[in-house]
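K.L.:
The structure file input_7.cif (mmCIF, C-alpha atoms) is provided below.
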```cif
data_my_file
loop_
_atom_site.label_atom_id
_atom_site.label_comp_id
_atom_site.auth_asym_id
_atom_site.auth_seq_id
_atom_site.Cartn_x
_atom_site.Cartn_y
_atom_site.Cartn_z
CA MET A 1 -58.93 181.98 36.33
CA PRO A 2 -60.99 178.84 35.71
CA SER A 3 -64.46 178.84 37.14
CA LEU A 4 -65.47 176.75 40.12
CA LYS A 5 -67.35 174.37 37.90
CA ASP A 6 -64.32 173.84 35.68
CA LEU A 7 -62.21 173.06 38.69
CA LYS A 8 -64.75 170.64 40.04
CA ASN A 9 -64.86 168.83 36.68
CA ARG A 10 -61.11 168.72 36.57
CA ILE A 11 -60.88 167.21 40.03
CA ASN A 12 -63.45 164.58 39.15
CA SER A 13 -61.66 163.61 35.99
CA VAL A 14 -58.33 163.24 37.79
CA LYS A 15 -60.10 161.17 40.41
CA SER A 16 -61.39 158.73 37.84
CA THR A 17 -57.96 158.55 36.25
CA ARG A 18 -56.56 157.66 39.62
CA LYS A 19 -59.11 154.91 39.97
CA ILE A 20 -58.07 153.45 36.64
CA THR A 21 -54.34 153.59 37.32
CA LYS A 22 -54.90 152.09 40.73
CA ALA A 23 -56.84 149.23 39.19
CA MET A 24 -54.18 148.70 36.53
CA GLN A 25 -51.54 148.61 39.22
CA MET A 26 -53.38 145.90 41.07
CA VAL A 27 -54.00 143.87 37.95
CA ALA A 28 -50.31 144.17 37.07
CA ALA A 29 -49.36 143.00 40.55
CA ALA A 30 -51.50 139.89 40.18
CA LYS A 31 -50.20 139.20 36.69
CA LEU A 32 -46.65 139.80 37.85
CA ARG A 33 -46.97 137.06 40.41
CA ARG A 34 -48.18 134.64 37.79
CA ALA A 35 -45.49 135.65 35.34
CA GLN A 36 -42.85 135.24 38.00
CA GLU A 37 -44.13 131.78 38.83
CA ALA A 38 -44.01 130.84 35.17
CA ALA A 39 -40.46 132.10 34.88
CA GLU A 40 -39.56 130.21 38.03
CA ALA A 41 -41.12 126.99 36.75
CA ALA A 42 -39.20 127.20 33.51
CA ARG A 43 -35.87 127.66 35.21
CA PRO A 44 -34.93 124.03 36.02
CA PHE A 45 -35.27 122.95 32.42
CA ALA A 46 -33.34 125.89 31.00
CA GLU A 47 -30.55 125.58 33.52
CA ARG A 48 -30.11 121.85 33.04
CA MET A 49 -30.19 122.27 29.29
CA ASP A 50 -27.61 124.99 29.53
CA ALA A 51 -25.31 122.94 31.73
CA VAL A 52 -25.46 119.88 29.51
CA LEU A 53 -24.95 121.86 26.33
CA ALA A 54 -22.13 123.90 27.81
CA ASN A 55 -20.29 120.70 28.66
CA LEU A 56 -20.88 119.21 25.25
CA ALA A 57 -19.98 122.42 23.53
CA ARG A 58 -16.70 122.73 25.36
CA ALA A 59 -15.79 119.25 24.24
CA SER A 60 -16.61 119.61 20.58
CA LYS A 61 -16.11 123.30 19.91
CA ASP A 62 -13.04 122.59 17.79
CA SER A 63 -14.35 119.46 16.18
CA PRO A 64 -14.79 119.96 12.44
CA THR A 65 -18.09 118.09 12.52
CA ALA A 66 -19.66 120.32 15.17
CA PRO A 67 -23.05 121.70 14.08
CA ARG A 68 -23.20 125.15 12.59
CA LEU A 69 -25.56 126.35 15.28
CA LEU A 70 -22.63 126.09 17.65
CA THR A 71 -19.72 127.18 15.50
CA GLY A 72 -21.55 129.71 13.37
CA THR A 73 -21.11 130.19 9.68
CA GLY A 74 -17.59 131.46 10.07
CA ARG A 75 -18.66 134.96 9.22
CA SER A 76 -20.43 137.72 11.07
CA ASP A 77 -21.58 139.88 8.18
CA THR A 78 -25.29 139.71 8.71
CA HIS A 79 -26.86 140.09 12.11
CA LEU A 80 -30.40 139.20 13.02
CA LEU A 81 -31.81 141.12 15.96
CA ILE A 82 -34.77 139.47 17.62
CA VAL A 83 -36.33 142.29 19.60
CA ALA A 84 -38.90 141.14 22.13
CA THR A 85 -41.18 143.82 23.54
CA SER A 86 -44.69 143.97 24.93
CA GLU A 87 -48.00 144.07 23.11
CA ARG A 88 -49.40 146.80 25.32
CA GLY A 89 -48.22 150.18 26.42
CA LEU A 90 -48.57 151.99 29.73
CA CYS A 91 -45.64 150.22 31.25
CA GLY A 92 -43.18 153.04 31.76
CA GLY A 93 -39.84 152.81 30.04
CA PHE A 94 -40.10 149.07 29.50
CA ASN A 95 -40.29 149.08 25.72
CA SER A 96 -38.14 152.14 25.17
CA GLN A 97 -35.36 150.53 27.18
CA ILE A 98 -35.19 147.51 24.91
CA VAL A 99 -35.56 149.58 21.78
CA LYS A 100 -32.82 151.93 22.94
CA GLN A 101 -30.46 149.04 23.49
CA ALA A 102 -31.33 147.57 20.11
CA ARG A 103 -30.93 150.92 18.41
CA LEU A 104 -27.45 151.40 19.86
CA ASP A 105 -26.42 148.00 18.57
CA ILE A 106 -27.94 148.61 15.17
CA GLU A 107 -25.95 151.81 14.81
CA ARG A 108 -22.77 150.15 16.05
CA LEU A 109 -23.15 147.19 13.68
CA ARG A 110 -23.93 149.45 10.77
CA ALA A 111 -20.90 151.60 11.52
CA GLU A 112 -18.86 148.41 11.34
CA GLY A 113 -20.29 147.80 7.90
CA ARG A 114 -22.46 144.83 8.78
CA THR A 115 -25.91 144.12 7.50
CA VAL A 116 -28.64 144.24 10.11
CA LYS A 117 -32.00 142.50 9.99
CA ILE A 118 -34.73 142.91 12.55
CA LEU A 119 -37.35 140.48 13.72
CA THR A 120 -39.72 141.89 16.29
CA VAL A 121 -41.90 140.13 18.80
CA GLY A 122 -44.58 142.33 20.29
CA LYS A 123 -46.01 145.34 18.51
CA LYS A 124 -44.70 148.11 20.75
CA GLY A 125 -41.12 147.51 19.71
CA ARG A 126 -42.16 147.28 16.12
CA GLU A 127 -43.87 150.64 16.24
CA GLN A 128 -40.80 152.28 17.70
CA LEU A 129 -38.27 150.63 15.43
CA LYS A 130 -40.36 151.06 12.27
CA ARG A 131 -39.76 154.77 12.46
CA GLY A 132 -36.05 154.63 11.77
CA TYR A 133 -35.39 151.19 10.40
CA ALA A 134 -38.44 150.15 8.40
CA ASP A 135 -36.23 148.82 5.61
CA LEU A 136 -34.40 146.41 7.94
CA PHE A 137 -37.48 144.47 8.99
CA VAL A 138 -37.66 140.85 7.96
CA GLY A 139 -40.53 139.79 10.11
CA HIS A 140 -42.82 140.33 13.04
CA VAL A 141 -44.41 137.93 15.48
CA ASP A 142 -47.75 138.96 16.83
CA LEU A 143 -48.50 137.66 20.29
CA SER A 144 -51.41 139.97 21.03
CA ASP A 145 -53.90 137.09 21.09
CA VAL A 146 -51.76 135.07 23.45
CA LYS A 147 -52.80 135.38 27.06
CA ARG A 148 -50.00 133.36 28.54
CA VAL A 149 -46.80 132.81 26.67
CA GLY A 150 -46.37 129.09 26.11
CA TYR A 151 -43.45 127.04 24.96
CA ALA A 152 -45.28 126.51 21.68
CA ASN A 153 -45.02 130.25 20.93
CA ALA A 154 -41.29 130.17 21.51
CA GLN A 155 -41.03 127.06 19.40
CA SER A 156 -42.68 128.62 16.40
CA ILE A 157 -40.44 131.66 16.65
CA ALA A 158 -37.41 129.40 16.92
CA GLN A 159 -38.56 127.46 13.88
CA ASP A 160 -38.83 130.65 11.89
CA VAL A 161 -35.36 131.75 12.99
CA LEU A 162 -33.86 128.35 12.19
CA HIS A 163 -35.38 128.48 8.73
CA ARG A 164 -33.79 131.79 8.05
CA PHE A 165 -30.49 130.51 9.40
CA ASP A 166 -30.61 127.42 7.22
CA ALA A 167 -31.45 129.59 4.24
CA GLY A 168 -28.31 131.58 4.97
CA GLU A 169 -30.16 134.79 5.71
CA PHE A 170 -27.92 135.73 8.64
CA ASP A 171 -24.79 134.70 10.51
CA VAL A 172 -25.39 135.87 14.04
CA ALA A 173 -28.67 136.09 15.96
CA THR A 174 -29.18 138.03 19.16
CA VAL A 175 -32.27 138.21 21.33
CA TYR A 176 -33.17 141.49 23.03
CA PHE A 177 -35.33 141.43 26.11
CA ASN A 178 -35.65 142.85 29.61
CA ARG A 179 -34.23 140.66 32.30
CA PHE A 180 -36.39 140.73 35.39
CA GLN A 181 -34.37 141.79 38.38
CA SER A 182 -37.01 143.18 40.67
CA VAL A 183 -40.28 145.03 40.46
CA ILE A 184 -38.48 148.34 40.11
CA SER A 185 -35.55 147.22 38.05
CA GLN A 186 -35.53 145.49 34.68
CA VAL A 187 -32.30 145.23 32.79
CA PRO A 188 -32.33 145.41 28.99
CA THR A 189 -30.29 142.44 27.89
CA ALA A 190 -28.90 141.22 24.60
CA ARG A 191 -28.16 137.53 24.36
CA GLN A 192 -26.53 135.94 21.40
CA VAL A 193 -28.26 132.68 20.51
CA ILE A 194 -26.66 131.76 17.19
CA PRO A 195 -23.85 130.73 17.37
CA ALA A 196 -24.90 129.42 20.77
CA THR A 197 -23.38 130.91 23.91
CA PHE A 198 -23.60 129.54 27.43
CA ASP A 199 -23.51 130.87 30.94
CA GLU A 200 -20.11 129.81 32.15
CA ALA A 201 -20.71 131.00 35.68
CA GLU A 202 -21.83 127.71 37.17
CA GLY A 203 -18.52 126.09 37.82
CA ALA A 204 -19.92 122.65 38.57
CA ASP A 205 -18.64 120.55 35.75
CA THR A 206 -21.21 117.80 35.61
CA GLY A 207 -20.08 116.53 32.26
CA THR A 208 -17.01 114.63 33.34
CA GLY A 209 -17.34 110.92 33.05
CA TYR A 210 -20.58 110.97 31.12
CA GLU A 211 -21.17 108.45 28.45
CA TYR A 212 -23.09 109.77 25.50
CA GLU A 213 -25.52 108.03 23.27
CA PRO A 214 -25.54 108.77 20.40
CA ASP A 215 -22.18 110.54 20.16
CA GLU A 216 -21.58 114.14 21.25
CA ASP A 217 -22.07 115.70 17.84
CA ALA A 218 -25.35 113.94 17.23
CA ILE A 219 -26.65 115.06 20.62
CA LEU A 220 -25.59 118.61 19.89
CA ALA A 221 -27.29 118.51 16.52
CA ASP A 222 -30.48 117.36 18.20
CA LEU A 223 -30.38 119.66 21.18
CA LEU A 224 -29.14 122.95 19.75
CA PRO A 225 -32.31 123.70 17.78
CA ARG A 226 -34.31 122.96 20.93
CA ASN A 227 -32.00 125.12 22.95
CA LEU A 228 -32.85 128.03 20.68
CA ALA A 229 -36.52 127.56 21.49
CA VAL A 230 -35.71 127.31 25.18
CA GLN A 231 -33.65 130.50 25.07
CA ILE A 232 -36.39 132.38 23.28
CA PHE A 233 -38.97 130.98 25.69
CA ARG A 234 -36.88 132.15 28.59
CA ALA A 235 -36.53 135.62 27.09
CA LEU A 236 -40.28 135.82 26.57
CA LEU A 237 -40.99 134.79 30.14
CA GLU A 238 -38.48 137.23 31.57
CA ASN A 239 -40.01 139.86 29.38
CA ALA A 240 -43.51 139.05 30.57
CA ALA A 241 -42.48 139.36 34.21
CA SER A 242 -40.54 142.55 33.51
CA GLU A 243 -43.47 144.06 31.64
CA GLN A 244 -45.80 143.54 34.57
CA GLY A 245 -43.19 144.81 36.99
CA ALA A 246 -42.60 147.92 34.92
CA ARG A 247 -46.33 148.49 34.56
CA MET A 248 -46.86 148.11 38.27
CA THR A 249 -44.20 150.71 39.02
CA ALA A 250 -45.44 153.07 36.33
CA MET A 251 -49.02 152.79 37.53
CA ASP A 252 -47.97 153.25 41.13
CA ASN A 253 -46.29 156.50 40.16
CA ALA A 254 -49.29 157.56 38.12
CA THR A 255 -51.60 156.89 41.05
CA ARG A 256 -49.42 158.91 43.36
CA ASN A 257 -49.17 161.79 40.88
CA ALA A 258 -52.92 161.81 40.44
CA GLY A 259 -53.31 162.00 44.23
CA GLU A 260 -50.95 164.97 44.41
CA MET A 261 -52.74 166.66 41.59
CA ILE A 262 -56.09 166.20 43.30
CA ASP A 263 -54.70 167.77 46.48
CA ARG A 264 -53.36 170.75 44.57
CA LEU A 265 -56.56 171.23 42.62
CA THR A 266 -58.62 170.95 45.79
CA ILE A 267 -56.61 173.76 47.36
CA VAL A 268 -57.11 175.94 44.29
CA TYR A 269 -60.79 175.06 44.32
CA ASN A 270 -61.22 175.98 47.97
CA ARG A 271 -59.30 179.20 47.52
CA SER A 272 -61.38 180.33 44.61
CA ARG A 273 -64.55 179.37 46.42
CA GLN A 274 -63.39 181.43 49.40
CA ALA A 275 -62.45 184.29 47.10
CA ALA A 276 -65.87 184.24 45.49
CA ILE A 277 -67.57 184.35 48.89
CA THR A 278 -65.36 187.19 50.08
CA LYS A 279 -66.01 189.07 46.88
CA GLU A 280 -69.74 188.71 47.29
CA LEU A 281 -69.56 189.92 50.89
CA ILE A 282 -67.53 192.93 49.91
CA GLU A 283 -70.05 193.74 47.24
CA ILE A 284 -72.93 193.51 49.72
CA ILE A 285 -71.13 195.54 52.38
CA SER A 286 -69.98 198.25 50.04
CA GLY A 287 -73.46 198.34 48.52
CA ALA A 288 -74.95 198.84 52.01
CA GLU A 289 -72.42 201.54 52.87
CA ALA A 290 -73.24 203.48 49.74
CA LEU A 291 -76.84 203.86 50.86
CA MET B 1 -36.36 97.57 50.55
CA ALA B 2 -34.92 98.08 47.15
CA GLU B 3 -32.45 100.83 46.57
CA MET B 4 -34.01 104.08 45.37
CA MET B 5 -32.93 107.01 43.24
CA LYS B 6 -34.41 110.36 42.40
CA PHE B 7 -36.52 110.74 39.31
CA GLU B 8 -37.39 114.07 37.74
CA LEU B 9 -39.43 114.86 34.68
CA VAL B 10 -39.11 118.45 33.53
CA SER B 11 -40.68 120.22 30.57
CA PRO B 12 -39.77 123.73 29.44
CA GLU B 13 -42.86 125.08 31.14
CA ARG B 14 -42.84 123.26 34.44
CA LYS B 15 -41.68 120.33 36.50
CA LEU B 16 -44.07 117.46 35.82
CA ALA B 17 -42.92 114.86 38.27
CA SER B 18 -40.41 114.39 41.00
CA ALA B 19 -40.31 111.12 42.88
CA GLU B 20 -38.24 108.30 44.29
CA ALA B 21 -37.88 105.44 41.87
CA GLU B 22 -36.51 101.92 41.75
CA SER B 23 -36.01 101.98 38.02
CA VAL B 24 -36.76 104.23 35.07
CA THR B 25 -37.18 103.21 31.46
CA VAL B 26 -36.51 105.86 28.85
CA PRO B 27 -36.90 105.73 25.06
CA GLY B 28 -33.29 106.47 24.13
CA MET B 29 -32.33 107.46 20.61
CA ALA B 30 -30.49 104.16 20.18
CA GLY B 31 -33.14 102.05 21.86
CA ASP B 32 -35.14 101.84 25.06
CA MET B 33 -33.08 101.54 28.19
CA THR B 34 -33.80 100.98 31.84
CA ALA B 35 -31.72 102.72 34.46
CA MET B 36 -31.47 101.48 38.01
CA PRO B 37 -29.70 102.99 41.00
CA ASN B 38 -25.91 103.20 40.65
CA HIS B 39 -26.04 103.41 36.89
CA ALA B 40 -22.93 104.89 35.32
CA PRO B 41 -23.30 108.57 34.31
CA PHE B 42 -25.04 108.53 30.99
CA LEU B 43 -26.65 111.01 28.68
CA THR B 44 -28.91 110.19 25.80
CA THR B 45 -31.31 112.04 23.56
CA LEU B 46 -34.84 110.72 23.38
CA ARG B 47 -37.09 109.65 20.59
CA PRO B 48 -40.87 109.89 20.97
CA GLY B 49 -42.04 107.20 23.36
CA PHE B 50 -42.95 106.30 26.90
CA VAL B 51 -40.96 106.99 30.03
CA THR B 52 -41.86 104.45 32.69
CA VAL B 53 -41.07 104.94 36.36
CA ARG B 54 -41.32 102.15 38.88
CA GLY B 55 -41.37 103.25 42.47
CA SER B 56 -42.78 102.13 45.79
CA ALA B 57 -46.16 103.54 44.77
CA GLY B 58 -46.31 101.44 41.65
CA GLU B 59 -45.68 102.19 38.04
CA GLU B 60 -46.25 105.44 36.21
CA SER B 61 -45.90 106.21 32.57
CA TYR B 62 -45.44 109.45 30.62
CA PHE B 63 -45.38 110.10 26.93
CA VAL B 64 -42.54 112.33 25.72
CA THR B 65 -42.04 113.75 22.24
CA GLY B 66 -38.31 114.23 22.55
CA GLY B 67 -35.61 115.80 24.64
CA PHE B 68 -32.89 114.12 26.61
CA ALA B 69 -32.29 112.09 29.74
CA GLU B 70 -29.46 112.55 32.16
CA ILE B 71 -28.65 109.50 34.23
CA SER B 72 -26.33 109.60 37.21
CA PRO B 73 -25.78 107.00 39.95
CA ASP B 74 -28.39 108.53 42.24
CA ALA B 75 -30.78 110.33 39.92
CA VAL B 76 -32.48 110.27 36.55
CA SER B 77 -33.68 113.52 35.05
CA VAL B 78 -35.70 113.52 31.90
CA LEU B 79 -35.86 116.84 30.12
CA ALA B 80 -38.73 116.44 27.74
CA GLU B 81 -39.70 118.89 25.07
CA GLU B 82 -43.30 117.94 25.66
CA ALA B 83 -44.63 115.39 28.10
CA VAL B 84 -48.06 114.12 29.20
CA GLU B 85 -49.25 111.33 31.43
CA ALA B 86 -49.61 108.16 29.39
CA GLU B 87 -53.31 107.77 30.10
CA ARG B 88 -53.99 111.22 28.67
CA VAL B 89 -52.48 110.41 25.30
CA THR B 90 -55.22 110.22 22.70
CA ARG B 91 -55.20 109.38 19.07
CA SER B 92 -56.28 112.86 18.01
CA TRP B 93 -53.52 114.42 20.10
CA LEU B 94 -50.98 112.10 18.50
CA ASP B 95 -52.32 112.91 15.05
CA GLU B 96 -51.68 116.59 15.68
CA LYS B 97 -48.13 115.78 16.71
CA ILE B 98 -47.64 113.57 13.66
CA GLU B 99 -48.71 116.42 11.44
CA ALA B 100 -46.33 118.83 13.16
CA PHE B 101 -43.49 116.33 12.92
CA ALA B 102 -44.22 115.67 9.28
CA ALA B 103 -44.04 119.37 8.57
CA ALA B 104 -40.76 119.64 10.46
CA ALA B 105 -39.34 116.64 8.61
CA ALA B 106 -40.33 118.06 5.25
CA GLU B 107 -38.63 121.36 5.95
CA ALA B 108 -35.55 120.15 7.78
CA PRO B 109 -32.21 120.87 6.15
CA ALA B 110 -29.99 117.97 5.14
CA GLU B 111 -28.04 117.78 8.39
CA ARG B 112 -31.19 117.22 10.44
CA ALA B 113 -33.40 115.51 7.87
CA GLN B 114 -32.59 111.97 9.00
CA LEU B 115 -33.22 112.82 12.62
CA GLU B 116 -36.61 114.32 11.90
CA ALA B 117 -37.59 111.41 9.67
CA LEU B 118 -36.73 108.97 12.46
CA ARG B 119 -38.81 110.94 14.94
CA LEU B 120 -41.76 110.97 12.57
CA ASN B 121 -41.44 107.24 12.07
CA ASP B 122 -41.34 106.59 15.81
CA ILE B 123 -44.40 108.60 16.63
CA ARG B 124 -46.30 107.01 13.76
CA SER B 125 -45.59 103.52 14.98
CA ILE B 126 -46.67 104.48 18.49
CA ALA B 127 -49.91 105.84 17.12
CA GLU B 128 -50.50 102.62 15.23
CA ARG B 129 -49.80 100.53 18.27
CA LEU B 130 -52.33 102.50 20.27
CA GLY B 131 -54.90 101.88 17.59
CA ALA B 132 -58.01 103.99 17.48
#
```
Using the file provided, produce a representation of the structure as C-alpha cells.

P.N.:
Amino acid sequence: MPSLKDLKNRINSVKSTRKITKAMQMVAAAKLRRAQEAAEAARPFAERMDAVLANLARASKDSPTAPRLLTGTGRSDTHLLIVATSERGLCGGFNSQIVKQARLDIERLRAEGRTVKILTVGKKGREQLKRGYADLFVGHVDLSDVKRVGYANAQSIAQDVLHRFDAGEFDVATVYFNRFQSVISQVPTARQVIPATFDEAEGADTGTGYEYEPDEDAILADLLPRNLAVQIFRALLENAASEQGARMTAMDNATRNAGEMIDRLTIVYNRSRQAAITKELIEIISGAEAL
Amino acid sequence: MAEMMKFELVSPERKLASAEAESVTVPGMAGDMTAMPNHAPFLTTLRPGFVTVRGSAGEESYFVTGGFAEISPDAVSVLAEEAVEAERVTRSWLDEKIEAFAAAAAEAPAERAQLEALRLNDIRSIAERLGA
C-alpha cells in the first residue's frame, strides 16, 4: 500500500500532465484551423490544374510524343515511395497509419518482385521505416525547421524527385499521406504521381473547344513537372491539417484519461487517509481499554 | 459601360486577386496577348512577365514567374507558379529568381532544356529592363 505522501505526489504529477495535454490540445486546435485554411486556400489552384491537365492528358495519352511524366517509362520495375509524415510525435496513430499503409505496399511490391525505394518527408516516418527497410532508403527531407509548409518546400522535393526520375532511378512514384477528413478521421492515402494520374470524378469537361498555345504536348511538358510540385504541396498541406487533427484528438483523450486517473487516485487517497484515521482511533481506544 | 469579365489570379498557396476586368494582358509563351470579354476559349502557358488587368478601378499589374492562363468568354484565370504585385518586384528578388532559374536550366534534361533556357532568358531581360 503506497503511503499518503506517495499518493499525493502521484496525484500532483498526473494533474500537471493533464495541464500539459490540455495546453497541447488547445495549441493543436489553433494550428489545425490555420492548417485547414492553408489547405483550403491551395485548393482552387490544385483543382484547376488538375482539370486542365486531365483534359490535356486525355487528348494526348496515346500520342507518341507525350511526355514521359504522363506515359511513364513503359515499365514498373522500380517504385519510389514518398512517405510524408510529421516531424513531431504525440499525435496518436497519425504516423503509424501512414507507415502501416506504406509497409503493406512495400511488402506487396516486393512479393511481386519489384524494387522499392523510399524517400521520407518528416522524421517520424523515417524512424519507423528505418527499422525494417533501412537498405531501401534513397533520401530524406527534413522539414523540422519549417514552421509553415510553403510551396517552395514542395517545389524542392519535386525537383529532387524529378532528378531521380530523369536519371532513371525509378519508374513509378507514389506519395503517401493522410487525407484530412475531419478532426477525428484521417485517411491514409497513396497517390501515384508519376506517371501522372488525375481525379476523374469532376465530370465537367471544360477542355472542349479550347485552343492551345503552344500545342498540347508542349503545355503538358511545361505543366507536368509543376503538377508534381502541386501534388506534393497538396499532400503536405493535407498532412499538416491531419497531424493537428490527430494531435487534438489524441490530446483530448489524454486529458480525459488524466482526469479519470485523478478521480480514481483521489478516492484511493481519501480511503487510505480514512483508514489511517480509523486505525489511529482503534489504537487509542484499545489502549484506553487495556488500562 | 464597357463589357466586363471575371479575372482571377491564383498561386499554389492562395488566391491573390479576384476582380471584374475590361481586359487582361498575359505574357503567353508565344508572345504577350490581351484578352477581352467574349474571347474564344484559349489556354496558354506563361513565361516570366507581367500580367496587367484593366478594370473600372484602373490598372493593376502582377509579376508572374510562370504557370498558365485559361481564357474563356466570360473569365480569365491565371494560375501562376509564383506571383507578386508589380510594385513589389525588386532587383534583388529578381536576382534570386534568376539564380534559381539558372540552376534549373543547367540541370534540366534534354526534353525540357530549351524551355528552361527560354524562361531564364525572359527573366533576365525583364531584370535588365527594370534596371537597378

K.L.:
Please, which residues are within 12 Å of (-35.5, 112.4, 25.9) by the file's coordinates, counting all atoms listed in the file, and could they come as an NGL selection string?

P.N.:
(:A and (49 or 213-214 or 219 or 222-223 or 226)) or (:B and (9-11 or 25-33 or 43-51 or 62-71 or 76-83 or 119))

K.L.:
Could you tell me, as a PyMOL selection string, which residues have any atom at most 6 Å from (-22.3, 110.2, 32.2), counting all atoms listed in the file?

P.N.:
(chain A and resi 209-211) or (chain B and resi 41-43)

K.L.:
In Å, rounded to a single decimal, give me how far atom CA of Val83 of chain A is from atom CA of Thr174 of chain A.

P.N.:
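Taking atom CA of Thr174 of chain A and atom CA of Val83 of chain A, their separation equals 8.3 Å.
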
K.L.:
Tell me, in Å to one decimal, how far atom CA of Ser125 of chain B is from atom CA of Ala17 of chain B.

P.N.:
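Rounded to one decimal, the two atoms are 26.0 Å apart.
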
K.L.:
Counting all atoms listed in the file, which residues from chain A have an atom at most 9 Å from any atom of chain B, and could you show them as number ranges by chain?

P.N.:
A: 38-46, 48-49, 52, 67, 150-151, 159, 163, 166-167, 207-215, 218-219, 221-223, 226, 230, 233-234

K.L.:
Closest to Arg114 of chain A among A:Asp171, A:Ala154, A:Lys147, A:Val27, using only C-alpha atoms?

P.N.:
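Smallest separation from Arg114 of chain A among the options: A:Asp171.
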
K.L.:
Using the chain letters and residue numbers of this document, give as a VMD selection string the residues selected by the PyMOL selection byres ((chain A and resi 23-26) around 9).

P.N.:
chain A and resid 18 to 22 27 to 31 244 247 to 252 255

K.L.:
Which residue, A:Ala275, A:Ala35, A:Ile262, A:Ala246, has the smallest gap to Cys91 of chain A when you use all atoms listed in the file?

P.N.:
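Smallest separation from Cys91 of chain A among the options: A:Ala246.
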
K.L.:
With a distance cut-off of 9 Å and only C-alpha atoms, select the neighbouring residues of Lys8 of chain A, excluding the residue or stretch itself and same-chain residues fewer than 3 positions from it, and output the selection as a ChimeraX atom specification.

P.N.:
/A:3-5,11-13,265-266,269

K.L.:
Could you give me, as a PyMOL selection string, the residues within 8 Å of Gly72 of chain A, counting all atoms listed in the file and dropping anything in the same chain fewer than 5 positions from it?

P.N.:
chain A and resi 171-172+194-195

K.L.:
As a check of understanding, name the residues that the PyMOL selection byres ((chain B and resi 57-60) around 12) selects in the supplied structure, as an MDAnalysis selection string.

P.N.:
chainID B and resid 7 9 17:25 50:56 61:63 84:87

K.L.:
Provide segment 118-130 of chain A rebuilt to N, CA and C atoms, formatted as a short mmCIF file (atom, residue, chain, number, x, y, z; two decimals), keeping the file's coordinate frame.

P.N.:
```cif
data_model
loop_
_atom_site.label_atom_id
_atom_site.label_comp_id
_atom_site.auth_asym_id
_atom_site.auth_seq_id
_atom_site.Cartn_x
_atom_site.Cartn_y
_atom_site.Cartn_z
N ILE A 118 -33.99 142.85 11.29
CA ILE A 118 -34.73 142.91 12.55
C ILE A 118 -35.96 142.02 12.48
N LEU A 119 -36.13 141.26 13.55
CA LEU A 119 -37.35 140.48 13.72
C LEU A 119 -37.94 140.91 15.06
N THR A 120 -39.15 141.41 15.03
CA THR A 120 -39.72 141.89 16.29
C THR A 120 -40.78 140.94 16.81
N VAL A 121 -40.84 140.87 18.12
CA VAL A 121 -41.90 140.13 18.80
C VAL A 121 -42.60 141.14 19.69
N GLY A 122 -43.89 141.32 19.49
CA GLY A 122 -44.58 142.33 20.29
C GLY A 122 -44.66 143.63 19.51
N LYS A 123 -45.83 144.24 19.46
CA LYS A 123 -46.01 145.34 18.51
C LYS A 123 -45.42 146.67 18.97
N LYS A 124 -45.21 146.82 20.29
CA LYS A 124 -44.70 148.11 20.75
C LYS A 124 -43.29 148.38 20.22
N GLY A 125 -42.47 147.34 20.22
CA GLY A 125 -41.12 147.51 19.71
C GLY A 125 -41.13 147.75 18.21
N ARG A 126 -42.07 147.11 17.56
CA ARG A 126 -42.16 147.28 16.12
C ARG A 126 -42.49 148.71 15.76
N GLU A 127 -43.48 149.26 16.50
CA GLU A 127 -43.87 150.64 16.24
C GLU A 127 -42.68 151.58 16.37
N GLN A 128 -41.91 151.36 17.44
CA GLN A 128 -40.80 152.28 17.70
C GLN A 128 -39.67 152.12 16.69
N LEU A 129 -39.39 150.86 16.33
CA LEU A 129 -38.27 150.63 15.43
C LEU A 129 -38.62 150.93 13.97
N LYS A 130 -39.90 150.79 13.65
CA LYS A 130 -40.36 151.06 12.27
C LYS A 130 -39.99 152.46 11.83
#
```
